[in-house]
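What follows is the content of run36.pdb, which has PDB, C-alpha atoms:
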MODEL        1
ATOM      1  CA  MET O   8       0.000   0.000   0.000
ATOM      2  CA  THR O   9       1.529   3.301  -1.043
ATOM      3  CA  LYS O  10       0.160   5.920   1.254
ATOM      4  CA  ILE O  11       0.741   7.893   4.428
ATOM      5  CA  ILE O  12      -1.435   6.823   7.367
ATOM      6  CA  ASP O  13       0.027   9.082  10.053
ATOM      7  CA  ILE O  14       1.878  12.367  10.011
ATOM      8  CA  ALA O  15       3.703  14.195  12.762
ATOM      9  CA  LEU O  16       4.999  17.749  12.469
ATOM     10  CA  ASP O  17       7.853  18.701  14.740
ATOM     11  CA  ASP O  18       6.904  22.326  15.313
ATOM     12  CA  ARG O  19       8.025  22.527  18.952
ATOM     13  CA  ALA O  20      10.635  25.188  18.261
ATOM     14  CA  LEU O  21       8.223  27.435  16.386
ATOM     15  CA  PRO O  22       6.158  30.274  17.796
ATOM     16  CA  PRO O  23       2.441  29.613  18.204
ATOM     17  CA  PRO O  24       0.782  29.752  14.786
ATOM     18  CA  THR O  25      -1.766  32.365  13.824
ATOM     19  CA  PRO O  26      -5.357  31.100  13.605
ATOM     20  CA  GLU O  27      -5.084  31.137   9.797
ATOM     21  CA  ILE O  28      -1.899  29.059   9.774
ATOM     22  CA  GLU O  29      -3.348  26.641  12.310
ATOM     23  CA  GLN O  30      -6.417  26.219  10.087
ATOM     24  CA  GLU O  31      -4.206  25.622   7.005
ATOM     25  CA  ARG O  32      -2.275  22.971   8.963
ATOM     26  CA  LYS O  33      -5.410  21.176  10.130
ATOM     27  CA  VAL O  34      -6.984  21.135   6.673
ATOM     28  CA  ALA O  35      -3.758  19.955   4.986
ATOM     29  CA  MET O  36      -3.256  17.151   7.513
ATOM     30  CA  PHE O  37      -6.887  16.033   7.319
ATOM     31  CA  ASP O  38      -6.902  16.083   3.509
ATOM     32  CA  LEU O  39      -3.519  14.364   3.336
ATOM     33  CA  LEU O  40      -4.609  11.503   5.575
ATOM     34  CA  GLU O  41      -7.927  11.156   3.741
ATOM     35  CA  GLU O  42      -6.301  10.766   0.340
ATOM     36  CA  ASN O  43      -2.651  10.601  -0.655
ATOM     37  CA  SER O  44      -0.167   8.695  -2.730
ATOM     38  CA  PHE O  45       3.289   8.189  -1.249
ATOM     39  CA  ALA O  46       5.797   5.473  -2.074
ATOM     40  CA  LEU O  47       9.479   5.208  -1.344
ATOM     41  CA  ALA O  48      11.538   5.025  -4.515
ATOM     42  CA  ASP O  49      13.776   2.058  -5.232
ATOM     43  CA  ARG O  50      17.345   2.897  -4.253
ATOM     44  CA  ASP O  51      20.444   1.109  -5.455
ATOM     45  CA  GLY O  52      18.609  -2.198  -5.824
ATOM     46  CA  ARG O  53      17.815  -2.377  -2.109
ATOM     47  CA  ALA O  54      14.435  -3.645  -1.012
ATOM     48  CA  VAL O  55      12.092  -0.832  -0.082
ATOM     49  CA  PRO O  56       9.905  -1.362   2.988
ATOM     50  CA  GLU O  57       6.283  -1.572   1.963
ATOM     51  CA  GLY O  58       3.700   0.924   3.142
ATOM     52  CA  PRO O  59       1.502   2.215   4.461
ATOM     53  CA  TYR O  60       3.846   4.736   6.042
ATOM     54  CA  LYS O  61       4.083   7.073   8.970
ATOM     55  CA  LEU O  62       5.739  10.381   8.160
ATOM     56  CA  GLY O  63       7.568  12.754  10.448
ATOM     57  CA  LEU O  64       8.341  16.224   9.076
ATOM     58  CA  SER O  65      10.747  18.614  10.734
ATOM     59  CA  ILE O  66      13.318  21.282  10.047
ATOM     60  CA  ARG O  67      16.759  20.538  11.460
ATOM     61  CA  GLN O  68      19.898  22.536  10.798
ATOM     62  CA  LYS O  69      18.135  24.447   8.012
ATOM     63  CA  ARG O  70      17.111  21.249   6.242
ATOM     64  CA  LEU O  71      13.691  19.724   5.716
ATOM     65  CA  VAL O  72      13.721  16.238   7.200
ATOM     66  CA  PHE O  73      11.398  13.423   6.145
ATOM     67  CA  GLU O  74      11.424  10.494   8.575
ATOM     68  CA  ILE O  75       9.487   7.532   7.247
ATOM     69  CA  ALA O  76       8.442   4.494   9.248
ATOM     70  CA  THR O  77       6.286   1.491   8.461
ATOM     71  CA  GLU O  78       2.879   0.948   9.977
ATOM     72  CA  LYS O  79       4.627  -1.060  12.710
ATOM     73  CA  ASP O  80       7.027   1.849  13.427
ATOM     74  CA  ASP O  81      10.033   0.173  11.821
ATOM     75  CA  PRO O  82      12.338   2.762  10.194
ATOM     76  CA  ALA O  83      11.746   2.816   6.431
ATOM     77  CA  GLY O  84      13.846   5.781   5.352
ATOM     78  CA  GLU O  85      15.015   9.269   6.087
ATOM     79  CA  PHE O  86      16.033  12.030   3.772
ATOM     80  CA  HIS O  87      17.033  15.651   4.160
ATOM     81  CA  LEU O  88      16.203  18.344   1.626
ATOM     82  CA  SER O  89      17.784  21.757   1.349
ATOM     83  CA  LEU O  90      15.344  24.533   2.178
ATOM     84  CA  GLY O  91      16.966  26.870  -0.359
ATOM     85  CA  PRO O  92      14.741  25.925  -3.308
ATOM     86  CA  PHE O  93      11.642  26.516  -1.168
ATOM     87  CA  ARG O  94      12.512  29.893   0.367
ATOM     88  CA  GLN O  95      11.142  32.233  -2.292
ATOM     89  CA  VAL O  96       7.995  30.256  -3.039
ATOM     90  CA  VAL O  97       7.209  29.933   0.691
ATOM     91  CA  LYS O  98       7.723  33.689   1.119
ATOM     92  CA  ASP O  99       5.488  34.390  -1.886
ATOM     93  CA  TYR O 100       2.884  31.953  -0.590
ATOM     94  CA  PHE O 101       2.735  33.622   2.831
ATOM     95  CA  GLN O 102       2.408  37.052   1.224
ATOM     96  CA  ILE O 103      -0.405  35.997  -1.091
ATOM     97  CA  CYS O 104      -2.188  34.174   1.743
ATOM     98  CA  GLU O 105      -2.031  37.320   3.853
ATOM     99  CA  SER O 106      -3.522  39.292   0.958
ATOM    100  CA  TYR O 107      -6.194  36.643   0.528
ATOM    101  CA  PHE O 108      -7.165  36.617   4.221
ATOM    102  CA  ASP O 109      -7.364  40.430   4.181
ATOM    103  CA  ALA O 110      -9.383  40.458   0.952
ATOM    104  CA  VAL O 111     -11.927  37.979   2.279
ATOM    105  CA  LYS O 112     -12.849  40.515   4.958
ATOM    106  CA  THR O 113     -13.425  43.537   2.717
ATOM    107  CA  ALA O 114     -12.846  42.989  -1.012
ATOM    108  CA  ALA O 115     -15.297  42.374  -3.818
ATOM    109  CA  PRO O 116     -15.790  38.743  -4.880
ATOM    110  CA  SER O 117     -13.950  39.335  -8.170
ATOM    111  CA  GLN O 118     -10.881  40.618  -6.289
ATOM    112  CA  ILE O 119     -10.976  37.647  -3.920
ATOM    113  CA  GLU O 120     -11.176  35.275  -6.876
ATOM    114  CA  THR O 121      -8.193  36.911  -8.573
ATOM    115  CA  ILE O 122      -6.073  36.677  -5.430
ATOM    116  CA  ASP O 123      -7.180  33.085  -4.881
ATOM    117  CA  MET O 124      -6.135  32.153  -8.420
ATOM    118  CA  ALA O 125      -2.690  33.644  -7.751
ATOM    119  CA  ARG O 126      -2.528  31.804  -4.435
ATOM    120  CA  ARG O 127      -3.303  28.493  -6.131
ATOM    121  CA  GLY O 128      -0.646  29.188  -8.761
ATOM    122  CA  ILE O 129       2.038  29.795  -6.130
ATOM    123  CA  HIS O 130       0.856  26.727  -4.219
ATOM    124  CA  ASN O 131       1.158  24.641  -7.388
ATOM    125  CA  GLU O 132       4.687  25.981  -7.926
ATOM    126  CA  GLY O 133       5.638  24.913  -4.389
ATOM    127  CA  ALA O 134       4.199  21.451  -5.020
ATOM    128  CA  ARG O 135       6.136  21.194  -8.290
ATOM    129  CA  ILE O 136       9.395  22.096  -6.520
ATOM    130  CA  LEU O 137       8.678  19.494  -3.843
ATOM    131  CA  GLU O 138       8.015  16.814  -6.456
ATOM    132  CA  GLU O 139      11.355  17.660  -8.102
ATOM    133  CA  ARG O 140      13.190  17.568  -4.764
ATOM    134  CA  LEU O 141      11.642  14.182  -3.906
ATOM    135  CA  ASP O 142      12.681  12.661  -7.235
ATOM    136  CA  GLY O 143      14.599   9.454  -6.551
ATOM    137  CA  LYS O 144      13.541   9.481  -2.896
ATOM    138  CA  ALA O 145       9.752   9.208  -2.879
ATOM    139  CA  GLU O 146       6.969   9.200  -5.411
ATOM    140  CA  VAL O 147       3.979  11.436  -4.711
ATOM    141  CA  ASP O 148       1.036  12.612  -6.772
ATOM    142  CA  THR O 149       0.298  16.295  -7.276
ATOM    143  CA  ASP O 150      -2.399  16.526  -4.593
ATOM    144  CA  THR O 151      -0.100  14.896  -2.038
ATOM    145  CA  ALA O 152       2.711  17.282  -3.012
ATOM    146  CA  ARG O 153       0.342  20.256  -2.583
ATOM    147  CA  ARG O 154      -0.674  19.146   0.909
ATOM    148  CA  LEU O 155       2.911  18.412   1.919
ATOM    149  CA  PHE O 156       3.925  21.854   0.622
ATOM    150  CA  THR O 157       1.312  23.410   2.927
ATOM    151  CA  LEU O 158       2.879  21.569   5.858
ATOM    152  CA  ILE O 159       6.342  22.719   4.800
ATOM    153  CA  CYS O 160       5.003  26.287   4.878
ATOM    154  CA  VAL O 161       3.674  25.691   8.391
ATOM    155  CA  LEU O 162       7.148  24.533   9.450
ATOM    156  CA  HIS O 163       8.672  27.645   7.868
ATOM    157  CA  PHE O 164       6.358  29.880   9.896
ATOM    158  CA  GLY O 165       8.606  31.731  12.269
ATOM    159  CA  GLY O 166      11.520  29.538  11.275
TER     160      GLY O 166
ENDMDL
END

Go through the file and emit its structure as structure tokens.
Amino acid sequence: MTKIIDIALDDRALPPPTPEIEQERKVAMFDLLEENSFALADRDGRAVPEGPYKLGLSIRQKRLVFEIATEKDDPAGEFHLSLGPFRQVVKDYFQICESYFDAVKTAAPSQIETIDMARRGIHNEGARILEERLDGKAEVDTDTARRLFTLICVLHFGG
């Protein structure tokens, strides 16, 4: 089975999230656990532990860390990704989200829709970068990459 059945974010070192960021986190985690596609890639001919998987996400020493375990908590893999390729898109995503949250309170529906389209575009770009960075490590579908990107943004908050 190629999916994530449990996810843990190590956000202990981060400041308390804003209500909007907390809501984004909850929705992304719920949606991710409801439907996702995640499989460890074959590496150097070694057998890959079968899923379903438990995923731990954290930022350590300025690197994004994926810790993968089997359903029985046996270690299945760990990989570290540089945060550099994510920095600008995360910054852009936070800025457009802030504009969106502000617009929802006062703007006309057409303005909200325009900002939301831009927000989705930036979100898709973040998911695309994540898919590229996971190449050779894990295989994910676009929706899973989008939800994982949201969680990466949550980990960047205040970090």

TODO: Counting all atoms listed in the file, figure out which residue out of O:Ala83, O:Ile159, O:Ile103, O:Ala110 gets nearest to Asp49 in chain O.
DONE: O:Ala83

Given only C-alpha atoms, how would the per-residue table for range 125-154 of chain O near range 32-44 of chain O read, listing every residue at most 8 Å away with its closest atom pair and distance in Å to one decimal, sorted by chain and number, as a tab-separated table?
residue	atom	partner	partner_atom	distance
O:Glu146	CA	O:Ser44	CA	7.6
O:Val147	CA	O:Ser44	CA	5.4
O:Asp148	CA	O:Ser44	CA	5.8
O:Asp150	CA	O:Asn43	CA	7.1
O:Thr151	CA	O:Asn43	CA	5.2
O:Arg154	CA	O:Ala35	CA	5.2

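Residues in contact range of Tyr60 in chain O, defined as at most 8 Å between only C-alpha atoms, with sequence neighbours fewer than 4 positions away removed, read Thr9, Lys10, Ile11, Ile12, Asp13, Ile75, Ala76, Thr77 and Glu78 of chain O.
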
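Comparing O:Gly133, O:Pro22, O:Gly58, O:Gly91 by their smallest distance to Arg153 in chain O, the closest is O:Gly133 (using all atoms listed in the file).
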
Could you work out an axis-aligned bounding box for all listed atoms of range 142-153 of chain O, with 5 Å added on each of the six sides, and give its centre and edge lengths in Å to one decimal, as AutoDock Vina command-line options?
--center_x 6.1 --center_y 14.7 --center_z -4.7 --size_x 27.0 --size_y 21.1 --size_z 15.2

Open item on the list: So that I can check the surroundings of range 63-74 of chain O, please list as an MDAnalysis selection string every protein, DNA and RNA residue that reaches within 12 Å of it, counting all atoms listed in the file and ignoring chain neighbours fewer than 6 positions away.
Closed with: chainID O and resid 11:21 36 47 80:94 137 140:141 144:145 155:166

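Minimum atom-to-atom distances from O:Pro26, O:Pro116, O:Pro56, O:Gly143 to Lys79 in chain O were compared using all atoms listed in the file, and the lowest value belongs to O:Pro56.
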
TODO: Can you turn the PyMOL selection byres ((chain O and resi 102) around 12) into a concrete residue list for this file, as a VMD selection string?
DONE: chain O and resid 95 to 101 103 to 109 122 125 to 126 129 to 130 160 164

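With CA of Ala134 in chain O on one side and CA of Glu31 in chain O on the other, the separation reads 15.3 Å.
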
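For the atom pair formed by CA of Val55 in chain O and CA of Thr149 in chain O, the distance is 22.0 Å, given to one decimal.
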
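Across the model, the gap from CA of Glu139 in chain O to CA of Phe45 in chain O is 14.2 Å.
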
Export range 139-154 of chain O, all heavy atoms, as a PDB file, in the first residue's frame; it's the structure right above.
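And here's decode_12.pdb as it stands now:
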ATOM      1  N   GLU O 139       9.992  17.724  -7.550  1.00  0.00           N
ATOM      2  CA  GLU O 139      11.355  17.660  -8.102  1.00  0.00           C
ATOM      3  C   GLU O 139      12.361  17.261  -7.035  1.00  0.00           C
ATOM      4  O   GLU O 139      13.255  16.447  -7.282  1.00  0.00           O
ATOM      5  CB  GLU O 139      11.761  19.014  -8.691  1.00  0.00           C
ATOM      6  CG  GLU O 139      11.087  19.354  -9.984  1.00  0.00           C
ATOM      7  CD  GLU O 139      11.459  20.743 -10.486  1.00  0.00           C
ATOM      8  OE1 GLU O 139      12.287  21.439  -9.845  1.00  0.00           O
ATOM      9  OE2 GLU O 139      10.914  21.136 -11.534  1.00  0.00           O
ATOM     10  N   ARG O 140      12.243  17.837  -5.849  1.00  0.00           N
ATOM     11  CA  ARG O 140      13.190  17.568  -4.764  1.00  0.00           C
ATOM     12  C   ARG O 140      13.058  16.132  -4.254  1.00  0.00           C
ATOM     13  O   ARG O 140      14.018  15.562  -3.738  1.00  0.00           O
ATOM     14  CB  ARG O 140      12.996  18.554  -3.609  1.00  0.00           C
ATOM     15  CG  ARG O 140      13.116  20.028  -3.993  1.00  0.00           C
ATOM     16  CD  ARG O 140      14.480  20.435  -4.472  1.00  0.00           C
ATOM     17  NE  ARG O 140      15.431  20.215  -3.412  1.00  0.00           N
ATOM     18  CZ  ARG O 140      16.721  19.927  -3.594  1.00  0.00           C
ATOM     19  NH1 ARG O 140      17.208  19.822  -4.795  1.00  0.00           N
ATOM     20  NH2 ARG O 140      17.508  19.736  -2.572  1.00  0.00           N
ATOM     21  N   LEU O 141      11.870  15.552  -4.367  1.00  0.00           N
ATOM     22  CA  LEU O 141      11.642  14.182  -3.906  1.00  0.00           C
ATOM     23  C   LEU O 141      12.030  13.136  -4.948  1.00  0.00           C
ATOM     24  O   LEU O 141      12.061  11.938  -4.640  1.00  0.00           O
ATOM     25  CB  LEU O 141      10.170  13.987  -3.511  1.00  0.00           C
ATOM     26  CG  LEU O 141       9.723  14.692  -2.244  1.00  0.00           C
ATOM     27  CD1 LEU O 141       8.222  14.516  -2.026  1.00  0.00           C
ATOM     28  CD2 LEU O 141      10.499  14.202  -1.028  1.00  0.00           C
ATOM     29  N   ASP O 142      12.343  13.581  -6.166  1.00  0.00           N
ATOM     30  CA  ASP O 142      12.681  12.661  -7.235  1.00  0.00           C
ATOM     31  C   ASP O 142      13.826  11.737  -6.795  1.00  0.00           C
ATOM     32  O   ASP O 142      14.860  12.195  -6.303  1.00  0.00           O
ATOM     33  CB  ASP O 142      13.081  13.430  -8.498  1.00  0.00           C
ATOM     34  CG  ASP O 142      13.266  12.516  -9.691  1.00  0.00           C
ATOM     35  OD1 ASP O 142      12.453  11.580  -9.851  1.00  0.00           O
ATOM     36  OD2 ASP O 142      14.235  12.727 -10.451  1.00  0.00           O
ATOM     37  N   GLY O 143      13.603  10.443  -6.949  1.00  0.00           N
ATOM     38  CA  GLY O 143      14.599   9.454  -6.551  1.00  0.00           C
ATOM     39  C   GLY O 143      14.528   9.071  -5.083  1.00  0.00           C
ATOM     40  O   GLY O 143      15.238   8.170  -4.638  1.00  0.00           O
ATOM     41  N   LYS O 144      13.687   9.768  -4.329  1.00  0.00           N
ATOM     42  CA  LYS O 144      13.541   9.481  -2.896  1.00  0.00           C
ATOM     43  C   LYS O 144      12.152   8.923  -2.590  1.00  0.00           C
ATOM     44  O   LYS O 144      12.005   7.949  -1.877  1.00  0.00           O
ATOM     45  CB  LYS O 144      13.790  10.737  -2.073  1.00  0.00           C
ATOM     46  CG  LYS O 144      15.203  11.278  -2.204  1.00  0.00           C
ATOM     47  CD  LYS O 144      15.321  12.638  -1.548  1.00  0.00           C
ATOM     48  CE  LYS O 144      16.687  13.246  -1.728  1.00  0.00           C
ATOM     49  NZ  LYS O 144      17.059  13.533  -3.101  1.00  0.00           N
ATOM     50  N   ALA O 145      11.136   9.626  -3.097  1.00  0.00           N
ATOM     51  CA  ALA O 145       9.752   9.208  -2.879  1.00  0.00           C
ATOM     52  C   ALA O 145       8.919   9.649  -4.074  1.00  0.00           C
ATOM     53  O   ALA O 145       9.217  10.655  -4.712  1.00  0.00           O
ATOM     54  CB  ALA O 145       9.191   9.822  -1.597  1.00  0.00           C
ATOM     55  N   GLU O 146       7.889   8.879  -4.335  1.00  0.00           N
ATOM     56  CA  GLU O 146       6.969   9.200  -5.411  1.00  0.00           C
ATOM     57  C   GLU O 146       5.662   9.674  -4.783  1.00  0.00           C
ATOM     58  O   GLU O 146       5.095   8.987  -3.934  1.00  0.00           O
ATOM     59  CB  GLU O 146       6.732   7.978  -6.283  1.00  0.00           C
ATOM     60  CG  GLU O 146       8.004   7.475  -6.953  1.00  0.00           C
ATOM     61  CD  GLU O 146       7.846   6.103  -7.571  1.00  0.00           C
ATOM     62  OE1 GLU O 146       6.703   5.640  -7.751  1.00  0.00           O
ATOM     63  OE2 GLU O 146       8.882   5.495  -7.864  1.00  0.00           O
ATOM     64  N   VAL O 147       5.230  10.868  -5.210  1.00  0.00           N
ATOM     65  CA  VAL O 147       3.979  11.436  -4.711  1.00  0.00           C
ATOM     66  C   VAL O 147       3.171  11.951  -5.898  1.00  0.00           C
ATOM     67  O   VAL O 147       3.729  12.300  -6.929  1.00  0.00           O
ATOM     68  CB  VAL O 147       4.218  12.599  -3.709  1.00  0.00           C
ATOM     69  CG1 VAL O 147       4.928  12.108  -2.465  1.00  0.00           C
ATOM     70  CG2 VAL O 147       4.990  13.731  -4.354  1.00  0.00           C
ATOM     71  N   ASP O 148       1.854  11.999  -5.735  1.00  0.00           N
ATOM     72  CA  ASP O 148       1.036  12.612  -6.772  1.00  0.00           C
ATOM     73  C   ASP O 148       0.939  14.112  -6.481  1.00  0.00           C
ATOM     74  O   ASP O 148       1.409  14.593  -5.439  1.00  0.00           O
ATOM     75  CB  ASP O 148      -0.336  11.946  -6.877  1.00  0.00           C
ATOM     76  CG  ASP O 148      -1.200  12.104  -5.630  1.00  0.00           C
ATOM     77  OD1 ASP O 148      -0.805  12.811  -4.680  1.00  0.00           O
ATOM     78  OD2 ASP O 148      -2.288  11.523  -5.607  1.00  0.00           O
ATOM     79  N   THR O 149       0.355  14.842  -7.401  1.00  0.00           N
ATOM     80  CA  THR O 149       0.298  16.295  -7.276  1.00  0.00           C
ATOM     81  C   THR O 149      -0.475  16.744  -6.044  1.00  0.00           C
ATOM     82  O   THR O 149      -0.041  17.656  -5.337  1.00  0.00           O
ATOM     83  CB  THR O 149      -0.310  16.917  -8.554  1.00  0.00           C
ATOM     84  OG1 THR O 149       0.530  16.541  -9.659  1.00  0.00           O
ATOM     85  CG2 THR O 149      -0.375  18.427  -8.463  1.00  0.00           C
ATOM     86  N   ASP O 150      -1.621  16.122  -5.772  1.00  0.00           N
ATOM     87  CA  ASP O 150      -2.399  16.526  -4.593  1.00  0.00           C
ATOM     88  C   ASP O 150      -1.627  16.284  -3.303  1.00  0.00           C
ATOM     89  O   ASP O 150      -1.666  17.104  -2.381  1.00  0.00           O
ATOM     90  CB  ASP O 150      -3.750  15.797  -4.549  1.00  0.00           C
ATOM     91  CG  ASP O 150      -4.727  16.302  -5.598  1.00  0.00           C
ATOM     92  OD1 ASP O 150      -4.566  17.450  -6.069  1.00  0.00           O
ATOM     93  OD2 ASP O 150      -5.654  15.549  -5.947  1.00  0.00           O
ATOM     94  N   THR O 151      -0.918  15.176  -3.224  1.00  0.00           N
ATOM     95  CA  THR O 151      -0.100  14.896  -2.038  1.00  0.00           C
ATOM     96  C   THR O 151       1.014  15.924  -1.921  1.00  0.00           C
ATOM     97  O   THR O 151       1.277  16.438  -0.824  1.00  0.00           O
ATOM     98  CB  THR O 151       0.474  13.466  -2.105  1.00  0.00           C
ATOM     99  OG1 THR O 151      -0.614  12.533  -2.185  1.00  0.00           O
ATOM    100  CG2 THR O 151       1.334  13.157  -0.889  1.00  0.00           C
ATOM    101  N   ALA O 152       1.648  16.270  -3.033  1.00  0.00           N
ATOM    102  CA  ALA O 152       2.711  17.282  -3.012  1.00  0.00           C
ATOM    103  C   ALA O 152       2.156  18.631  -2.558  1.00  0.00           C
ATOM    104  O   ALA O 152       2.814  19.344  -1.793  1.00  0.00           O
ATOM    105  CB  ALA O 152       3.355  17.407  -4.394  1.00  0.00           C
ATOM    106  N   ARG O 153       0.957  18.989  -3.000  1.00  0.00           N
ATOM    107  CA  ARG O 153       0.342  20.256  -2.583  1.00  0.00           C
ATOM    108  C   ARG O 153       0.120  20.274  -1.070  1.00  0.00           C
ATOM    109  O   ARG O 153       0.414  21.261  -0.406  1.00  0.00           O
ATOM    110  CB  ARG O 153      -0.986  20.483  -3.305  1.00  0.00           C
ATOM    111  CG  ARG O 153      -0.852  20.900  -4.756  1.00  0.00           C
ATOM    112  CD  ARG O 153      -2.213  21.010  -5.449  1.00  0.00           C
ATOM    113  NE  ARG O 153      -3.147  21.862  -4.746  1.00  0.00           N
ATOM    114  CZ  ARG O 153      -3.165  23.203  -4.818  1.00  0.00           C
ATOM    115  NH1 ARG O 153      -2.297  23.823  -5.582  1.00  0.00           N
ATOM    116  NH2 ARG O 153      -4.052  23.896  -4.135  1.00  0.00           N
ATOM    117  N   ARG O 154      -0.389  19.196  -0.536  1.00  0.00           N
ATOM    118  CA  ARG O 154      -0.674  19.146   0.909  1.00  0.00           C
ATOM    119  C   ARG O 154       0.612  19.129   1.725  1.00  0.00           C
ATOM    120  O   ARG O 154       0.699  19.781   2.770  1.00  0.00           O
ATOM    121  CB  ARG O 154      -1.549  17.934   1.205  1.00  0.00           C
ATOM    122  CG  ARG O 154      -2.931  18.085   0.592  1.00  0.00           C
ATOM    123  CD  ARG O 154      -3.724  16.816   0.570  1.00  0.00           C
ATOM    124  NE  ARG O 154      -4.988  17.045  -0.110  1.00  0.00           N
ATOM    125  CZ  ARG O 154      -5.580  16.157  -0.890  1.00  0.00           C
ATOM    126  NH1 ARG O 154      -5.032  14.962  -1.078  1.00  0.00           N
ATOM    127  NH2 ARG O 154      -6.717  16.436  -1.479  1.00  0.00           N
TER     128      ARG O 154
END
